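Novice: What follows is final_3.cif; its format and atoms are mmCIF, N, CA and C atoms and all ligand atoms.
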```cif
data_target
#
loop_
_atom_site.label_atom_id
_atom_site.label_comp_id
_atom_site.auth_asym_id
_atom_site.auth_seq_id
_atom_site.Cartn_x
_atom_site.Cartn_y
_atom_site.Cartn_z
N MET A 7 191.34 132.17 4.82
CA MET A 7 191.78 131.40 6.00
C MET A 7 193.19 130.86 5.76
N ALA A 8 194.06 131.04 6.74
CA ALA A 8 195.45 130.56 6.60
C ALA A 8 195.49 129.03 6.58
N TYR A 9 196.43 128.50 5.83
CA TYR A 9 196.56 127.05 5.72
C TYR A 9 197.17 126.49 7.01
N ASP A 10 196.52 125.48 7.58
CA ASP A 10 196.99 124.83 8.81
C ASP A 10 197.91 123.65 8.44
N GLN A 11 199.18 123.81 8.71
CA GLN A 11 200.17 122.77 8.35
C GLN A 11 199.92 121.46 9.09
N ASN A 12 199.10 121.51 10.14
CA ASN A 12 198.86 120.29 10.93
C ASN A 12 197.53 119.62 10.63
N ASN A 13 196.86 120.07 9.54
CA ASN A 13 195.61 119.36 9.21
C ASN A 13 195.95 117.94 8.75
N ILE A 14 194.96 117.08 8.84
CA ILE A 14 195.21 115.64 8.66
C ILE A 14 195.73 115.30 7.25
N PHE A 15 195.28 116.03 6.25
CA PHE A 15 195.75 115.73 4.89
C PHE A 15 197.18 116.24 4.66
N ALA A 16 197.55 117.32 5.34
CA ALA A 16 198.94 117.78 5.28
C ALA A 16 199.85 116.70 5.89
N LYS A 17 199.37 116.09 6.97
CA LYS A 17 200.16 115.01 7.61
C LYS A 17 200.24 113.79 6.70
N ILE A 18 199.15 113.50 6.01
CA ILE A 18 199.17 112.38 5.05
C ILE A 18 200.17 112.69 3.94
N LEU A 19 200.16 113.91 3.42
CA LEU A 19 201.08 114.29 2.34
C LEU A 19 202.53 114.22 2.80
N ARG A 20 202.78 114.52 4.07
CA ARG A 20 204.15 114.42 4.60
C ARG A 20 204.48 113.00 5.06
N GLN A 21 203.52 112.10 4.87
CA GLN A 21 203.66 110.69 5.27
C GLN A 21 203.90 110.52 6.77
N GLU A 22 203.31 111.43 7.53
CA GLU A 22 203.40 111.32 8.99
C GLU A 22 202.31 110.40 9.52
N ILE A 23 201.20 110.32 8.77
CA ILE A 23 200.19 109.32 9.08
C ILE A 23 199.86 108.57 7.79
N PRO A 24 199.45 107.30 7.93
CA PRO A 24 199.25 106.49 6.72
C PRO A 24 197.93 106.78 6.01
N CYS A 25 197.87 106.40 4.76
CA CYS A 25 196.60 106.38 4.04
C CYS A 25 196.66 105.22 3.06
N ILE A 26 195.51 104.85 2.54
CA ILE A 26 195.45 103.75 1.56
C ILE A 26 195.36 104.41 0.19
N THR A 27 196.50 104.47 -0.47
CA THR A 27 196.63 105.21 -1.73
C THR A 27 196.10 104.41 -2.91
N VAL A 28 195.43 105.09 -3.82
CA VAL A 28 195.05 104.44 -5.08
C VAL A 28 195.79 105.05 -6.27
N TYR A 29 196.26 106.30 -6.12
CA TYR A 29 196.96 106.96 -7.23
C TYR A 29 197.79 108.10 -6.66
N GLU A 30 198.98 108.29 -7.24
CA GLU A 30 199.81 109.44 -6.83
C GLU A 30 200.65 109.89 -8.01
N ASP A 31 200.79 111.18 -8.18
CA ASP A 31 201.77 111.73 -9.12
C ASP A 31 202.38 112.97 -8.48
N GLU A 32 203.09 113.75 -9.29
CA GLU A 32 203.84 114.89 -8.74
C GLU A 32 202.94 115.92 -8.05
N TYR A 33 201.70 116.06 -8.53
CA TYR A 33 200.85 117.16 -8.06
C TYR A 33 199.61 116.73 -7.29
N THR A 34 199.26 115.45 -7.35
CA THR A 34 198.01 115.02 -6.73
C THR A 34 198.16 113.67 -6.04
N LEU A 35 197.22 113.39 -5.13
CA LEU A 35 197.18 112.11 -4.41
C LEU A 35 195.71 111.69 -4.29
N ALA A 36 195.47 110.40 -4.50
CA ALA A 36 194.12 109.86 -4.31
C ALA A 36 194.19 108.70 -3.32
N PHE A 37 193.27 108.69 -2.36
CA PHE A 37 193.29 107.65 -1.32
C PHE A 37 191.88 107.39 -0.82
N MET A 38 191.74 106.22 -0.14
CA MET A 38 190.42 105.82 0.35
C MET A 38 190.01 106.69 1.54
N ASP A 39 188.75 107.10 1.56
CA ASP A 39 188.19 107.82 2.70
C ASP A 39 187.97 106.83 3.84
N ILE A 40 188.45 107.16 5.05
CA ILE A 40 188.32 106.20 6.15
C ILE A 40 186.90 106.12 6.74
N MET A 41 186.08 107.13 6.42
CA MET A 41 184.68 107.10 6.87
C MET A 41 183.78 107.25 5.65
N PRO A 42 183.75 106.23 4.81
CA PRO A 42 183.09 106.35 3.50
C PRO A 42 181.58 106.54 3.59
N GLN A 43 181.08 107.31 2.62
CA GLN A 43 179.63 107.50 2.52
C GLN A 43 179.00 106.47 1.60
N ALA A 44 179.86 105.65 0.97
CA ALA A 44 179.43 104.50 0.18
C ALA A 44 180.69 103.66 -0.05
N THR A 45 180.51 102.42 -0.39
CA THR A 45 181.65 101.54 -0.67
C THR A 45 182.45 102.11 -1.85
N GLY A 46 183.76 102.30 -1.64
CA GLY A 46 184.62 102.81 -2.71
C GLY A 46 184.84 104.32 -2.67
N HIS A 47 184.31 104.98 -1.65
CA HIS A 47 184.48 106.44 -1.49
C HIS A 47 185.98 106.77 -1.46
N THR A 48 186.37 107.59 -2.43
CA THR A 48 187.79 107.93 -2.60
C THR A 48 187.95 109.44 -2.58
N LEU A 49 189.10 109.91 -2.09
CA LEU A 49 189.38 111.35 -2.06
C LEU A 49 190.52 111.67 -3.01
N VAL A 50 190.41 112.79 -3.70
CA VAL A 50 191.52 113.29 -4.53
C VAL A 50 191.93 114.65 -3.99
N ILE A 51 193.21 114.81 -3.72
CA ILE A 51 193.69 116.10 -3.20
C ILE A 51 194.87 116.59 -4.05
N PRO A 52 194.94 117.93 -4.22
CA PRO A 52 196.16 118.48 -4.80
C PRO A 52 197.23 118.50 -3.72
N LYS A 53 198.50 118.44 -4.11
CA LYS A 53 199.57 118.57 -3.11
C LYS A 53 199.77 120.04 -2.73
N TYR A 54 199.25 120.91 -3.55
CA TYR A 54 199.31 122.35 -3.29
C TYR A 54 198.54 122.67 -2.00
N GLN A 55 199.08 123.59 -1.21
CA GLN A 55 198.46 123.91 0.08
C GLN A 55 197.34 124.94 -0.09
N ALA A 56 196.12 124.45 -0.17
CA ALA A 56 194.94 125.31 -0.31
C ALA A 56 193.86 124.79 0.62
N VAL A 57 193.13 125.70 1.23
CA VAL A 57 192.08 125.30 2.18
C VAL A 57 190.78 124.98 1.43
N THR A 58 190.35 125.89 0.58
CA THR A 58 189.09 125.71 -0.15
C THR A 58 189.35 125.79 -1.66
N LEU A 59 188.31 125.53 -2.39
CA LEU A 59 188.38 125.60 -3.86
C LEU A 59 188.89 126.96 -4.33
N LEU A 60 188.49 128.01 -3.62
CA LEU A 60 188.86 129.36 -4.04
C LEU A 60 190.33 129.68 -3.79
N ASP A 61 191.00 128.87 -2.98
CA ASP A 61 192.43 129.08 -2.70
C ASP A 61 193.33 128.36 -3.70
N LEU A 62 192.71 127.61 -4.60
CA LEU A 62 193.49 126.77 -5.52
C LEU A 62 193.68 127.51 -6.85
N PRO A 63 194.95 127.75 -7.26
CA PRO A 63 195.17 128.39 -8.56
C PRO A 63 194.56 127.56 -9.69
N ALA A 64 194.16 128.23 -10.75
CA ALA A 64 193.45 127.56 -11.85
C ALA A 64 194.25 126.40 -12.43
N SER A 65 195.56 126.56 -12.54
CA SER A 65 196.39 125.50 -13.13
C SER A 65 196.36 124.25 -12.24
N GLU A 66 196.39 124.47 -10.92
CA GLU A 66 196.33 123.35 -9.97
C GLU A 66 194.96 122.67 -10.03
N LEU A 67 193.94 123.50 -10.15
CA LEU A 67 192.57 122.96 -10.24
C LEU A 67 192.42 122.12 -11.50
N THR A 68 192.94 122.62 -12.59
CA THR A 68 192.84 121.89 -13.85
C THR A 68 193.53 120.53 -13.73
N TYR A 69 194.73 120.54 -13.16
CA TYR A 69 195.48 119.29 -13.02
C TYR A 69 194.72 118.32 -12.09
N THR A 70 194.20 118.88 -11.00
CA THR A 70 193.49 118.03 -10.02
C THR A 70 192.25 117.40 -10.66
N MET A 71 191.55 118.20 -11.47
CA MET A 71 190.35 117.64 -12.12
C MET A 71 190.71 116.54 -13.12
N HIS A 72 191.90 116.69 -13.71
CA HIS A 72 192.38 115.65 -14.62
C HIS A 72 192.58 114.34 -13.83
N THR A 73 193.15 114.47 -12.63
CA THR A 73 193.32 113.29 -11.77
C THR A 73 191.96 112.74 -11.35
N VAL A 74 191.04 113.65 -11.00
CA VAL A 74 189.68 113.21 -10.62
C VAL A 74 189.09 112.34 -11.73
N GLN A 75 189.22 112.80 -12.95
CA GLN A 75 188.65 112.06 -14.07
C GLN A 75 189.30 110.67 -14.21
N LYS A 76 190.63 110.61 -14.06
CA LYS A 76 191.34 109.32 -14.14
C LYS A 76 190.86 108.37 -13.05
N VAL A 77 190.72 108.90 -11.84
CA VAL A 77 190.34 108.04 -10.71
C VAL A 77 188.87 107.60 -10.84
N VAL A 78 188.02 108.50 -11.31
CA VAL A 78 186.61 108.11 -11.55
C VAL A 78 186.57 106.93 -12.53
N HIS A 79 187.36 107.04 -13.56
CA HIS A 79 187.41 105.97 -14.57
C HIS A 79 187.83 104.65 -13.91
N ALA A 80 188.86 104.70 -13.07
CA ALA A 80 189.37 103.49 -12.40
C ALA A 80 188.34 102.93 -11.41
N ILE A 81 187.64 103.81 -10.70
CA ILE A 81 186.61 103.34 -9.76
C ILE A 81 185.49 102.64 -10.53
N GLU A 82 185.05 103.28 -11.61
CA GLU A 82 183.94 102.69 -12.38
C GLU A 82 184.33 101.32 -12.92
N LYS A 83 185.56 101.25 -13.44
CA LYS A 83 186.02 99.99 -14.03
C LYS A 83 186.32 98.95 -12.93
N GLY A 84 187.08 99.36 -11.93
CA GLY A 84 187.56 98.42 -10.91
C GLY A 84 186.47 97.92 -9.99
N LEU A 85 185.50 98.77 -9.70
CA LEU A 85 184.43 98.39 -8.77
C LEU A 85 183.10 98.15 -9.48
N ASN A 86 183.17 98.21 -10.80
CA ASN A 86 181.96 98.01 -11.61
C ASN A 86 180.86 98.98 -11.17
N ALA A 87 181.27 100.23 -10.92
CA ALA A 87 180.31 101.25 -10.46
C ALA A 87 179.57 101.84 -11.65
N LYS A 88 178.31 102.15 -11.43
CA LYS A 88 177.49 102.66 -12.53
C LYS A 88 177.47 104.19 -12.59
N GLY A 89 177.82 104.82 -11.51
CA GLY A 89 177.82 106.29 -11.50
C GLY A 89 178.60 106.78 -10.31
N ILE A 90 179.05 108.04 -10.37
CA ILE A 90 179.87 108.60 -9.29
C ILE A 90 179.27 109.93 -8.84
N VAL A 91 179.13 110.09 -7.54
CA VAL A 91 178.79 111.40 -6.98
C VAL A 91 180.11 112.11 -6.74
N LEU A 92 180.29 113.27 -7.38
CA LEU A 92 181.50 114.08 -7.17
C LEU A 92 181.11 115.24 -6.25
N MET A 93 181.77 115.29 -5.07
CA MET A 93 181.36 116.28 -4.05
C MET A 93 182.58 117.07 -3.60
N GLN A 94 182.38 118.35 -3.39
CA GLN A 94 183.47 119.20 -2.90
C GLN A 94 182.88 120.19 -1.90
N LEU A 95 183.34 120.11 -0.66
CA LEU A 95 182.83 121.02 0.37
C LEU A 95 183.87 122.11 0.61
N SER A 96 183.47 123.35 0.38
CA SER A 96 184.38 124.48 0.60
C SER A 96 183.86 125.31 1.76
N GLY A 97 184.58 125.25 2.88
CA GLY A 97 184.22 126.05 4.05
C GLY A 97 183.45 125.26 5.09
N GLU A 98 183.69 125.62 6.35
CA GLU A 98 183.01 124.95 7.47
C GLU A 98 181.50 125.04 7.35
N SER A 99 181.02 126.16 6.81
CA SER A 99 179.57 126.35 6.69
C SER A 99 178.95 125.31 5.78
N ALA A 100 179.76 124.81 4.85
CA ALA A 100 179.28 123.78 3.91
C ALA A 100 179.44 122.38 4.50
N GLY A 101 180.14 122.30 5.65
CA GLY A 101 180.36 121.00 6.29
C GLY A 101 181.77 120.47 6.11
N GLN A 102 182.67 121.30 5.55
CA GLN A 102 184.06 120.86 5.36
C GLN A 102 184.71 120.63 6.72
N THR A 103 185.29 119.44 6.90
CA THR A 103 185.90 119.10 8.19
C THR A 103 187.42 119.07 8.13
N VAL A 104 187.99 118.88 6.95
CA VAL A 104 189.46 118.87 6.82
C VAL A 104 189.87 120.07 5.95
N PRO A 105 190.66 121.01 6.52
CA PRO A 105 190.95 122.25 5.81
C PRO A 105 192.11 122.15 4.81
N HIS A 106 192.03 121.14 3.96
CA HIS A 106 192.91 121.04 2.78
C HIS A 106 191.98 120.64 1.63
N VAL A 107 191.91 121.45 0.59
CA VAL A 107 190.91 121.24 -0.46
C VAL A 107 190.97 119.81 -1.02
N HIS A 108 189.79 119.21 -1.21
CA HIS A 108 189.72 117.83 -1.70
C HIS A 108 188.40 117.58 -2.40
N PHE A 109 188.41 116.55 -3.24
CA PHE A 109 187.22 116.13 -3.97
C PHE A 109 186.83 114.74 -3.51
N HIS A 110 185.54 114.57 -3.23
CA HIS A 110 184.99 113.26 -2.86
C HIS A 110 184.50 112.58 -4.13
N LEU A 111 184.94 111.36 -4.35
CA LEU A 111 184.49 110.55 -5.49
C LEU A 111 183.73 109.37 -4.87
N ILE A 112 182.41 109.39 -5.00
CA ILE A 112 181.60 108.43 -4.27
C ILE A 112 180.76 107.60 -5.24
N PRO A 113 181.12 106.31 -5.40
CA PRO A 113 180.33 105.48 -6.31
C PRO A 113 179.00 105.10 -5.68
N SER A 114 178.01 105.92 -5.93
CA SER A 114 176.69 105.75 -5.31
C SER A 114 175.71 106.68 -6.02
N SER A 115 174.52 106.71 -5.49
CA SER A 115 173.54 107.71 -5.94
C SER A 115 173.45 108.79 -4.85
N VAL A 116 173.18 110.00 -5.25
CA VAL A 116 173.02 111.10 -4.29
C VAL A 116 171.91 110.79 -3.28
N HIS A 117 170.99 109.91 -3.66
CA HIS A 117 169.87 109.56 -2.77
C HIS A 117 170.25 108.50 -1.74
N ASP A 118 171.43 107.87 -1.91
CA ASP A 118 171.79 106.74 -1.04
C ASP A 118 173.02 107.01 -0.16
N LEU A 119 173.49 108.24 -0.12
CA LEU A 119 174.74 108.50 0.61
C LEU A 119 174.55 108.30 2.12
N LYS A 120 175.57 107.66 2.74
CA LYS A 120 175.55 107.54 4.21
C LYS A 120 175.99 108.87 4.81
N GLU A 121 175.88 108.96 6.13
CA GLU A 121 176.20 110.21 6.82
C GLU A 121 177.66 110.60 6.57
N HIS A 122 177.90 111.90 6.48
CA HIS A 122 179.22 112.43 6.16
C HIS A 122 180.20 112.25 7.33
N ALA A 123 181.37 111.68 7.03
CA ALA A 123 182.49 111.59 7.98
C ALA A 123 182.06 111.05 9.35
N SER A 124 181.35 109.94 9.34
CA SER A 124 180.76 109.46 10.59
C SER A 124 181.18 108.07 11.03
N ASN A 125 181.27 107.13 10.09
CA ASN A 125 181.50 105.74 10.51
C ASN A 125 182.77 105.19 9.88
N MET A 126 183.68 104.74 10.77
CA MET A 126 184.96 104.19 10.30
C MET A 126 184.73 102.88 9.55
N ALA A 127 185.40 102.75 8.41
CA ALA A 127 185.30 101.50 7.64
C ALA A 127 186.35 100.51 8.12
N ASP A 128 186.15 99.26 7.76
CA ASP A 128 187.13 98.23 8.06
C ASP A 128 188.36 98.43 7.14
N GLN A 129 189.53 98.50 7.75
CA GLN A 129 190.76 98.80 6.99
C GLN A 129 191.08 97.72 5.96
N THR A 130 190.81 96.47 6.32
CA THR A 130 191.09 95.37 5.39
C THR A 130 190.21 95.51 4.15
N GLU A 131 188.95 95.86 4.39
CA GLU A 131 188.02 96.03 3.26
C GLU A 131 188.46 97.21 2.38
N LEU A 132 188.89 98.30 3.01
CA LEU A 132 189.36 99.47 2.23
C LEU A 132 190.57 99.10 1.38
N LYS A 133 191.47 98.29 1.95
CA LYS A 133 192.68 97.89 1.19
C LYS A 133 192.30 97.04 -0.02
N LEU A 134 191.33 96.15 0.16
CA LEU A 134 190.87 95.31 -0.96
C LEU A 134 190.25 96.16 -2.06
N LEU A 135 189.43 97.14 -1.67
CA LEU A 135 188.81 98.04 -2.65
C LEU A 135 189.88 98.83 -3.40
N ALA A 136 190.88 99.32 -2.65
CA ALA A 136 191.97 100.10 -3.26
C ALA A 136 192.73 99.25 -4.28
N GLU A 137 192.95 97.99 -3.96
CA GLU A 137 193.65 97.11 -4.92
C GLU A 137 192.86 96.98 -6.21
N LYS A 138 191.54 96.85 -6.09
CA LYS A 138 190.70 96.72 -7.29
C LYS A 138 190.74 98.01 -8.12
N ILE A 139 190.72 99.16 -7.44
CA ILE A 139 190.77 100.44 -8.17
C ILE A 139 192.13 100.60 -8.85
N LYS A 140 193.21 100.30 -8.09
CA LYS A 140 194.56 100.45 -8.66
C LYS A 140 194.76 99.58 -9.89
N ALA A 141 194.18 98.39 -9.84
CA ALA A 141 194.34 97.45 -10.95
C ALA A 141 193.60 97.92 -12.21
N ALA A 142 192.72 98.91 -12.05
CA ALA A 142 191.89 99.36 -13.18
C ALA A 142 192.44 100.59 -13.89
N PHE A 143 193.61 101.10 -13.47
CA PHE A 143 194.20 102.27 -14.16
C PHE A 143 194.78 101.85 -15.50
P1 LIG B 201 185.24 117.16 4.33
O1 LIG B 201 184.28 117.14 5.47
O2 LIG B 201 186.42 118.05 4.68
O3 LIG B 201 184.63 117.52 2.99
O4 LIG B 201 185.77 115.69 4.12
C1 LIG B 201 186.83 115.15 4.84
C2 LIG B 201 186.81 113.68 4.56
O5 LIG B 201 188.00 113.13 5.04
C3 LIG B 201 185.66 112.94 5.24
O6 LIG B 201 184.91 112.21 4.28
C4 LIG B 201 186.36 112.03 6.24
O7 LIG B 201 185.72 110.78 6.35
C5 LIG B 201 187.74 111.91 5.66
N1 LIG B 201 188.80 111.73 6.65
C6 LIG B 201 188.92 112.36 7.84
N2 LIG B 201 190.07 111.98 8.46
C7 LIG B 201 190.67 111.10 7.61
C8 LIG B 201 191.89 110.36 7.70
O8 LIG B 201 192.66 110.43 8.66
N3 LIG B 201 192.19 109.56 6.65
C9 LIG B 201 191.37 109.45 5.55
N4 LIG B 201 191.77 108.61 4.59
N5 LIG B 201 190.21 110.12 5.45
C10 LIG B 201 189.87 110.94 6.46
#
```
Show me the file's structure as structure tokens.

Specialist:
Amino acid sequence: MAYDQNNIFAKILRQEIPCITVYEDEYTLAFMDIMPQATGHTLVIPKYQAVTLLDLPASELTYTMHTVQKVVHAIEKGLNAKGIVLMQLSGESAGQTVPHVHFHLIPSSVHDLKEHASNMADQTELKLLAEKIKAAF
């Protein structure tokens, strides 16, 4: 599938729409999910333009997973989380709604997840959570 330059994460990467960032470097960005499936739900994306996991070169995947690990550590420490659900949806058939590859980092149990991409969180609360995560790097 061709990469859609107008998908929402491409716009976030171009800073055309805002996001609540918790971590950024040359190759990756981590930010709060606006419709979290649990408190502290964070997304990690490569800056590389890939739709699904299979479109991501191995070197980019390796770097992105390194960021995932760093952010998981910060979420656990900053939010006193006991465990993280790491989720990656590749393809519409799997339920992927944004066609730029990303990893969901959800401090919760797989048995307690709220509905996917359904309920908008309070922005002030998301900003407070992001501050706690950022302070834990
Ligand atoms: P997917 O369904 O593609 O695996 O996940 C996309 C995720 O992006 C969902 O969890 C959804 O809540 C989140 N999302 C959708 N639009 C936005 C947005 O504009 N900003 C942020 N921060 N998250 C978004």

Novice: Of the residues A:Gly84, A:Gly46, A:Pro63, A:Gly101, which is the one nearest to ligand LIG 201 (chain B), using only C-alpha atoms and all ligand atoms?

Specialist: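 When distances to ligand LIG 201 (chain B) are compared using only C-alpha atoms and all ligand atoms, the smallest one comes from A:Gly101.
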
Novice: Tell me which of A:His106, A:Asp118, A:Pro52, A:His47 sits closest to Thr68 of chain A, counting only C-alpha atoms.

Specialist: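 For Thr68 of chain A, the nearest of the candidates is A:Pro52.
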
Novice: Name all residues at most 8 Å from Asp10 of chain A (count all atoms listed in the file; drop same-chain ones fewer than 2 positions away) and give them as a list in words.

Specialist: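 The contact residues come out as Met7, Ala8, Asn12, Asn13, Ile14, Ala16, Lys17, Gln55, Ala56, Val57, Pro105 and His106 of chain A.
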
Novice: Taking all atoms listed in the file into account, which residues are within 6 Å of ligand LIG 201 (chain B), as a ChimeraX atom specification?

Specialist: /A:14,25-26,37-42,94-95,101-105,122-124

Novice: For Lys140 of chain A, work out the shell of residues within 8 Å, counting all atoms listed in the file and skipping chain neighbours fewer than 2 positions away, then give it as a list of chain:residue names.

Specialist: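 Here the qualifying residues turn out to be A:Thr27, A:Val28, A:Tyr29, A:Ala80, A:Ile81, A:Gly84, A:Leu134, A:Leu135, A:Ala136, A:Glu137, A:Lys138, A:Ala142, A:Phe143.
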
Novice: For a test of reading the model, state the distance in Å between atom CA of Ser96 of chain A and atom CA of Leu59 of chain A, rounded to one decimal.

Specialist: 6.1 Å

Novice: May I have the protein, DNA and RNA residues with any atom at most 8 Å from the point (198.6, 115.2, -14.1), counting all atoms listed in the file, written as a list in words?

Specialist: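 Residues lying no farther than 8 Å from the given point: Asp31, Glu32, Tyr33, Thr34, Thr68, Tyr69, Thr70, His72 and Thr73 of chain A.
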
Novice: Run DSSP on the backbone of this structure and report the residues of segment 27-139 of chain A it assigns to helix (DSSP H, G or I), as a PyMOL selection string.

Specialist: chain A and resi 59-61+64-84+98-100+129-139

Novice: With all atoms listed in the file as the basis for distance, which of A:Pro24, A:Gln43, A:Gln11, A:Leu60 is at the shortest distance from Asn125 of chain A?

Specialist: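 Looking at the shortest contact to Asn125 of chain A, the residue is A:Gln43.
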
Novice: With only C-alpha atoms as the basis for distance, which of A:Val107, A:Met126, A:Val78, A:Ile112 is at the shortest distance from Met93 of chain A?

Specialist: A:Ile112

Novice: When you count only N, CA and C atoms, which of these residues is closest to Leu111 of chain A: A:Leu35, A:Ile90, A:Tyr54, A:Leu19?

Specialist: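 Comparing A:Leu35, A:Ile90, A:Tyr54, A:Leu19 against Leu111 of chain A, the winner is A:Ile90.
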
Novice: Would you work out the distance separating atom N of Ala44 of chain A from atom CA of Leu85 of chain A, expressed in Å to one decimal?

Specialist: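 Interatomic distance here is 13.0 Å.
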
Novice: Using all atoms listed in the file, can you tell me which of A:Ile139, A:His117, A:Ala36, A:Glu66 comes closest to Val50 of chain A?

Specialist: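 Using all atoms listed in the file, the shortest distance to Val50 of chain A belongs to A:Ala36.
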
Novice: Would you mind reading off the distance between atom CA of Gly89 of chain A and atom CA of Pro113 of chain A, one decimal, in Å?

Specialist: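 Separating atom CA of Gly89 of chain A from atom CA of Pro113 of chain A is a distance of 5.8 Å.
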
Novice: Among the residues of chain A, find those DSSP assigns to strand (DSSP E or B) from the backbone and print them as a PyMOL selection string.

Specialist: chain A and resi 27-30+34-38+48-52+91-93+109-112

Novice: With all atoms of segment 74-89 of chain A from the file as input, state the centre and edge lengths in Å to one decimal of the axis-aligned box that has 5 Å extra on each side, as AutoDock Vina command-line options.

Specialist:
```
--center_x 184.4 --center_y 105.8 --center_z -11.7 --size_x 23.9 --size_y 25.7 --size_z 15.8
```
